[in-house]
Amino acid sequence: MKRAVIKGFGKFRDKEFRFKPNLNIIYGPNESGKTTLAKFILSTLSHPDEELERYRPWSGGELDGYVETTDGTFLLLQREGTKLDRKVLETVGFVLEDDELESLRIEKKLFEANLMKRTEKTDEGRIFKTVLSRLEGLDFRRCFERLNSQYRLLKERIEKVKLDVRRYNELGHALRELKGELEHSENVERQLIIELQKVRQSRTERILEELSQVKSRLETVQRELEKLAWVKSCSEQEIVEITDLLNKEGKLKDFSEQLREEENAAVERLTQINREIEKRLQSLNLVSAADLENANLRVKHLSLLAKMYTDYNSEVFPEDPLWKIFLETPNILERAEEEEKHYREQIDILEGKKAKIQEEIENLEISSRRLRDASIVSTITGVVLFVLSYFLKNFTIALYIFSAASLSLGVLFYAFSKKKEGRLKVCEEELVDISIQRPTPPQVLKILESYGVTNLRQLRRKYEEFLQWKVSNKEKERRLQEMKEIEQEIIRELSKFGVNGAGQMLVSAVERLQQNFSEIQELLQEKENLERRLNNIKNEYASIQKELKSVSETLESTLNMRALTKADVTNYHTALLRFSELKDEQLDLEKKISQLKTELEDEDGDEKVRHLKEAIRFEEKKQSELSHKIAQTEKEMASLFPNFEELDALLKERDEIIIKINALKRLEMIIPNLREHFKKLLERFAQSYQRVFGEEFSGFITFVTGSSRSFVVTPELSLKVAVEGELREPTDYLSGSMKDLIVLGLKLATYKAFYDNNIPLVIDNALIRLDDERLNKVLEFLEKESNTRQIILLTSDKRILARFENSSVQITYLEG
């Protein structure tokens, strides 16, 4: 290939790549278009498949391009003409990044025509033609007998070698198991020794800690015993006598305190009575209790006036009860209208406040909901940006900043929403308070409700009826006038006592006045009794204090003489019991210290330590037995070590005999038809290239890895691995990098063994998983291979770039 011109394919548009005849490096990071370039070359050199639609230009435009080679120009969209077979091209010319060993299959039929041409060009092919002409009269029986005899002898020798190999493998497997058991036993022994050391250390620390605690406790007990030594110096009788004095002193103090409380209560009650008497006298406009007698005469006069007023009231009672109220309160209509007006104004004020708070609540709900939604959106955005920062490494810092900003905004919005919600709760409480509030209804109408008047309209109608009644009842009016004069006199008398009243409340006011006078008399009597009780309490308190002083002096002298305190006497029995308990505990602690010292010296007395020692001895014995078995097994394996060179020579000799037998059989079968006979001979001869395929593959693997591998190529061109004398699938025993290496080796071997024409090798990032040593070996092999074959290596591996950076290899860079 000389160059590849891409007019529109995937991410490339109007792009040209030029290639040298040997090794070409195309370097670019991930997503830079390496695989796209490889797919373009593959689709242009061969007939494109349905995958081509996936690579329509990203920026629009037509899908087009071409590849210029030494054999001519290949157009991307060319459907006719001489293009290469796509399967052959993929098998020998392209190693892609997504090629898997599990899915790689080499189909021999793709290369059969090419192999036939190769066969005809060789000396062996021409010899076949000469020999075939002489085969018609030949007798093959002696050949068959001799070959069969050789085959049976070889088969017996091979079976014997196989038996030795199988036994060798069995012993190797058993040896691995024994070594595994030995290693496991050694690990167990080390763990047991470590555990024993830990148990010993833990046991010693535990005993020492416990011993320290017991000694500390013993010292504490001894100090307490020293403090309680006074208990032994006192007799029970002395303690009883002192206790009696203490009880007597306590009773006297309690009784004294009780008298003090009674005195305080009496003084407090006397003060309350004096305040109550003074308050009631002031309410009646009296200066002192001496004025009560004169005031009592005026109250009796008021009682007579009240009786007269009641009699007049029963005589002049109007036809309608409302007329009396109207007569007593001429301005009742004006008062009712004024109260109704004030009531309506209060209702309007409350409704206005209620509407204003409801509007504020609606605004707060909307703003709080919007702030909460903004907080949720900001928080989710912050979390998403934070997660994306782990995947988009190039924008980590920017995403962190945006994430922090979004989360901060979320917290700020959340705080504002909480503030709004707090204000919302306050408004709701204010709304509830306003809803509960009720303005004071008109008192006039409330009084008149019992007379059937509930509104101003009804009151006006009733008042008109009252005026009509008033005109028609002059005599009744005169009696009412006299009753009003008596009422005024009662009011004047009541005012002297500081009492107000009007209308029907006059009688009740007089009655309350009389009740106040009776209560004042009762308070005066209670005051006199309290004063007498207070003098008695003071005298009794003085007597008790004298007796208490005498008892206290006697108790103090007794305690000083015995060197005791009141607390000691009170707690004597408790201290005595505690002294006894401490003595017992002292004996137990001394015994415990002796036991702990014995336990510290006797290690084998600990069951866990004893078990660990037994387990360690068991593992040591087990290791000795395993070491003896391993030595015997290795000795037997040394005697059975298989001679693989001999086995390989036997297998090759057997295969040659089989080939000869098959060739004779085929010759015998195709003699009647020379054309068919020649064709089959050529096909059989072509199979010899399988050996070339295997040698090329093995040579590549040995060159890269530095050692021969037990790979076997079957006649179906499938790869097997020899494991314990059996051929198995290699995918179950190889690493990912080794699989990549095998895929490359298979495609290189296929090209050299079966393909007769020259075709470039395109490698798309298939060496990325190789370690440094194998990668350098592969690059060295490819560098040599590029002397006879053009190689295009597309890679994102910087190790490859460093390997050829200062060489003459052409390096093309792709933008990410």
# chains A, B, ... in the order shown; residues from 1 in each chain; ligands from 1
>>> residues_around(residues="stretch 448-463 of chain A", least_positions_apart="6", cutoff="12 Å", atoms="only C-alpha atoms", output="list in words")
Asp320, Pro321, Leu322, Trp323, Lys324, Ile325, Phe326, Leu327, Thr329, Pro330, Asn331, Ile332, Leu333, Glu334, Arg335, Ala336, Glu337, Glu338, Glu339, Glu340, Lys341, Pro441, Pro442, Trp469 and Lys470 of chain A
>>> select_by_dssp(residues="stretch 573-813 of chain A", states="strand (DSSP E or B)", output="list in words")
Phe711, Val712, Val713, Leu719, Lys720, Val721, Ala722, Val723, Glu726, Leu727, Arg728, Leu761, Val762, Ile763, Asp764, Ile791, Ile792, Leu793, Leu794, Thr795, Gln810, Ile811, Thr812 and Tyr813 of chain A
>>> closest_residue(among="A:Thr69, A:Ser417, A:Gln358, A:Thr271", to="A:Arg370", atoms="only C-alpha atoms")
A:Ser417
>>> decode(residues="stretch 517-553 of chain A", atoms="N, CA and C atoms", output="mmCIF file, in the first residue's frame")
data_model
loop_
_atom_site.group_PDB
_atom_site.id
_atom_site.type_symbol
_atom_site.label_atom_id
_atom_site.label_comp_id
_atom_site.auth_asym_id
_atom_site.auth_seq_id
_atom_site.Cartn_x
_atom_site.Cartn_y
_atom_site.Cartn_z
ATOM 1 N N PHE A 517 -70.091 43.409 104.330
ATOM 2 C CA PHE A 517 -70.034 43.740 105.748
ATOM 3 C C PHE A 517 -69.953 42.474 106.594
ATOM 4 N N SER A 518 -70.724 41.434 106.221
ATOM 5 C CA SER A 518 -70.681 40.169 106.981
ATOM 6 C C SER A 518 -69.295 39.523 106.885
ATOM 7 N N GLU A 519 -68.695 39.549 105.664
ATOM 8 C CA GLU A 519 -67.379 38.943 105.483
ATOM 9 C C GLU A 519 -66.305 39.684 106.261
ATOM 10 N N ILE A 520 -66.414 41.039 106.351
ATOM 11 C CA ILE A 520 -65.447 41.809 107.129
ATOM 12 C C ILE A 520 -65.523 41.436 108.596
ATOM 13 N N GLN A 521 -66.742 41.230 109.123
ATOM 14 C CA GLN A 521 -66.902 40.829 110.521
ATOM 15 C C GLN A 521 -66.243 39.466 110.766
ATOM 16 N N GLU A 522 -66.426 38.545 109.804
ATOM 17 C CA GLU A 522 -65.820 37.215 109.958
ATOM 18 C C GLU A 522 -64.293 37.305 109.938
ATOM 19 N N LEU A 523 -63.722 38.140 109.053
ATOM 20 C CA LEU A 523 -62.282 38.305 108.988
ATOM 21 C C LEU A 523 -61.723 38.880 110.278
ATOM 22 N N LEU A 524 -62.427 39.838 110.877
ATOM 23 C CA LEU A 524 -61.997 40.425 112.153
ATOM 24 C C LEU A 524 -61.973 39.368 113.249
ATOM 25 N N GLN A 525 -62.998 38.507 113.254
ATOM 26 C CA GLN A 525 -63.038 37.437 114.263
ATOM 27 C C GLN A 525 -61.875 36.450 114.053
ATOM 28 N N GLU A 526 -61.603 36.079 112.805
ATOM 29 C CA GLU A 526 -60.495 35.155 112.512
ATOM 30 C C GLU A 526 -59.162 35.771 112.872
ATOM 31 N N LYS A 527 -58.990 37.077 112.682
ATOM 32 C CA LYS A 527 -57.750 37.771 113.048
ATOM 33 C C LYS A 527 -57.497 37.669 114.548
ATOM 34 N N GLU A 528 -58.556 37.875 115.357
ATOM 35 C CA GLU A 528 -58.413 37.808 116.814
ATOM 36 C C GLU A 528 -57.985 36.408 117.248
ATOM 37 N N ASN A 529 -58.587 35.370 116.657
ATOM 38 C CA ASN A 529 -58.221 33.983 116.996
ATOM 39 C C ASN A 529 -56.777 33.678 116.633
ATOM 40 N N LEU A 530 -56.316 34.140 115.429
ATOM 41 C CA LEU A 530 -54.941 33.896 114.988
ATOM 42 C C LEU A 530 -53.925 34.561 115.914
ATOM 43 N N GLU A 531 -54.224 35.738 116.391
ATOM 44 C CA GLU A 531 -53.302 36.434 117.293
ATOM 45 C C GLU A 531 -53.135 35.654 118.585
ATOM 46 N N ARG A 532 -54.223 35.094 119.113
ATOM 47 C CA ARG A 532 -54.116 34.288 120.327
ATOM 48 C C ARG A 532 -53.300 33.017 120.064
ATOM 49 N N ARG A 533 -53.532 32.331 118.911
ATOM 50 C CA ARG A 533 -52.810 31.112 118.559
ATOM 51 C C ARG A 533 -51.320 31.400 118.373
ATOM 52 N N LEU A 534 -50.946 32.545 117.827
ATOM 53 C CA LEU A 534 -49.568 32.912 117.577
ATOM 54 C C LEU A 534 -48.802 33.106 118.888
ATOM 55 N N ASN A 535 -49.464 33.683 119.916
ATOM 56 C CA ASN A 535 -48.818 33.856 121.217
ATOM 57 C C ASN A 535 -48.547 32.507 121.861
ATOM 58 N N ASN A 536 -49.484 31.584 121.765
ATOM 59 C CA ASN A 536 -49.294 30.245 122.336
ATOM 60 C C ASN A 536 -48.111 29.525 121.666
ATOM 61 N N ILE A 537 -47.998 29.631 120.302
ATOM 62 C CA ILE A 537 -46.907 28.971 119.577
ATOM 63 C C ILE A 537 -45.558 29.515 120.005
ATOM 64 N N LYS A 538 -45.443 30.808 120.193
ATOM 65 C CA LYS A 538 -44.169 31.416 120.592
ATOM 66 C C LYS A 538 -43.736 30.919 121.961
ATOM 67 N N ASN A 539 -44.675 30.826 122.907
ATOM 68 C CA ASN A 539 -44.340 30.344 124.247
ATOM 69 C C ASN A 539 -43.864 28.895 124.206
ATOM 70 N N GLU A 540 -44.567 28.061 123.432
ATOM 71 C CA GLU A 540 -44.197 26.647 123.325
ATOM 72 C C GLU A 540 -42.845 26.479 122.635
ATOM 73 N N TYR A 541 -42.549 27.285 121.631
ATOM 74 C CA TYR A 541 -41.278 27.213 120.906
ATOM 75 C C TYR A 541 -40.109 27.544 121.827
ATOM 76 N N ALA A 542 -40.270 28.542 122.713
ATOM 77 C CA ALA A 542 -39.205 28.905 123.642
ATOM 78 C C ALA A 542 -38.900 27.754 124.601
ATOM 79 N N SER A 543 -39.941 27.055 125.077
ATOM 80 C CA SER A 543 -39.754 25.917 125.984
ATOM 81 C C SER A 543 -38.997 24.784 125.292
ATOM 82 N N ILE A 544 -39.372 24.490 124.029
ATOM 83 C CA ILE A 544 -38.722 23.410 123.282
ATOM 84 C C ILE A 544 -37.249 23.747 123.029
ATOM 85 N N GLN A 545 -36.934 24.962 122.696
ATOM 86 C CA GLN A 545 -35.553 25.361 122.427
ATOM 87 C C GLN A 545 -34.675 25.177 123.656
ATOM 88 N N LYS A 546 -35.218 25.443 124.839
ATOM 89 C CA LYS A 546 -34.472 25.261 126.080
ATOM 90 C C LYS A 546 -34.124 23.795 126.300
ATOM 91 N N GLU A 547 -35.115 22.924 126.120
ATOM 92 C CA GLU A 547 -34.883 21.486 126.297
ATOM 93 C C GLU A 547 -33.904 20.959 125.247
ATOM 94 N N LEU A 548 -34.019 21.446 123.990
ATOM 95 C CA LEU A 548 -33.135 21.019 122.911
ATOM 96 C C LEU A 548 -31.690 21.390 123.211
ATOM 97 N N LYS A 549 -31.461 22.532 123.801
ATOM 98 C CA LYS A 549 -30.113 22.970 124.131
ATOM 99 C C LYS A 549 -29.482 22.034 125.149
ATOM 100 N N SER A 550 -30.284 21.630 126.158
ATOM 101 C CA SER A 550 -29.781 20.729 127.202
ATOM 102 C C SER A 550 -29.384 19.383 126.613
ATOM 103 N N VAL A 551 -30.240 18.803 125.760
ATOM 104 C CA VAL A 551 -29.955 17.503 125.128
ATOM 105 C C VAL A 551 -28.722 17.593 124.242
ATOM 106 N N SER A 552 -28.581 18.666 123.469
ATOM 107 C CA SER A 552 -27.449 18.823 122.553
ATOM 108 C C SER A 552 -26.139 18.902 123.309
ATOM 109 N N GLU A 553 -26.140 19.626 124.467
ATOM 110 C CA GLU A 553 -24.910 19.726 125.250
ATOM 111 C C GLU A 553 -24.494 18.371 125.797
#
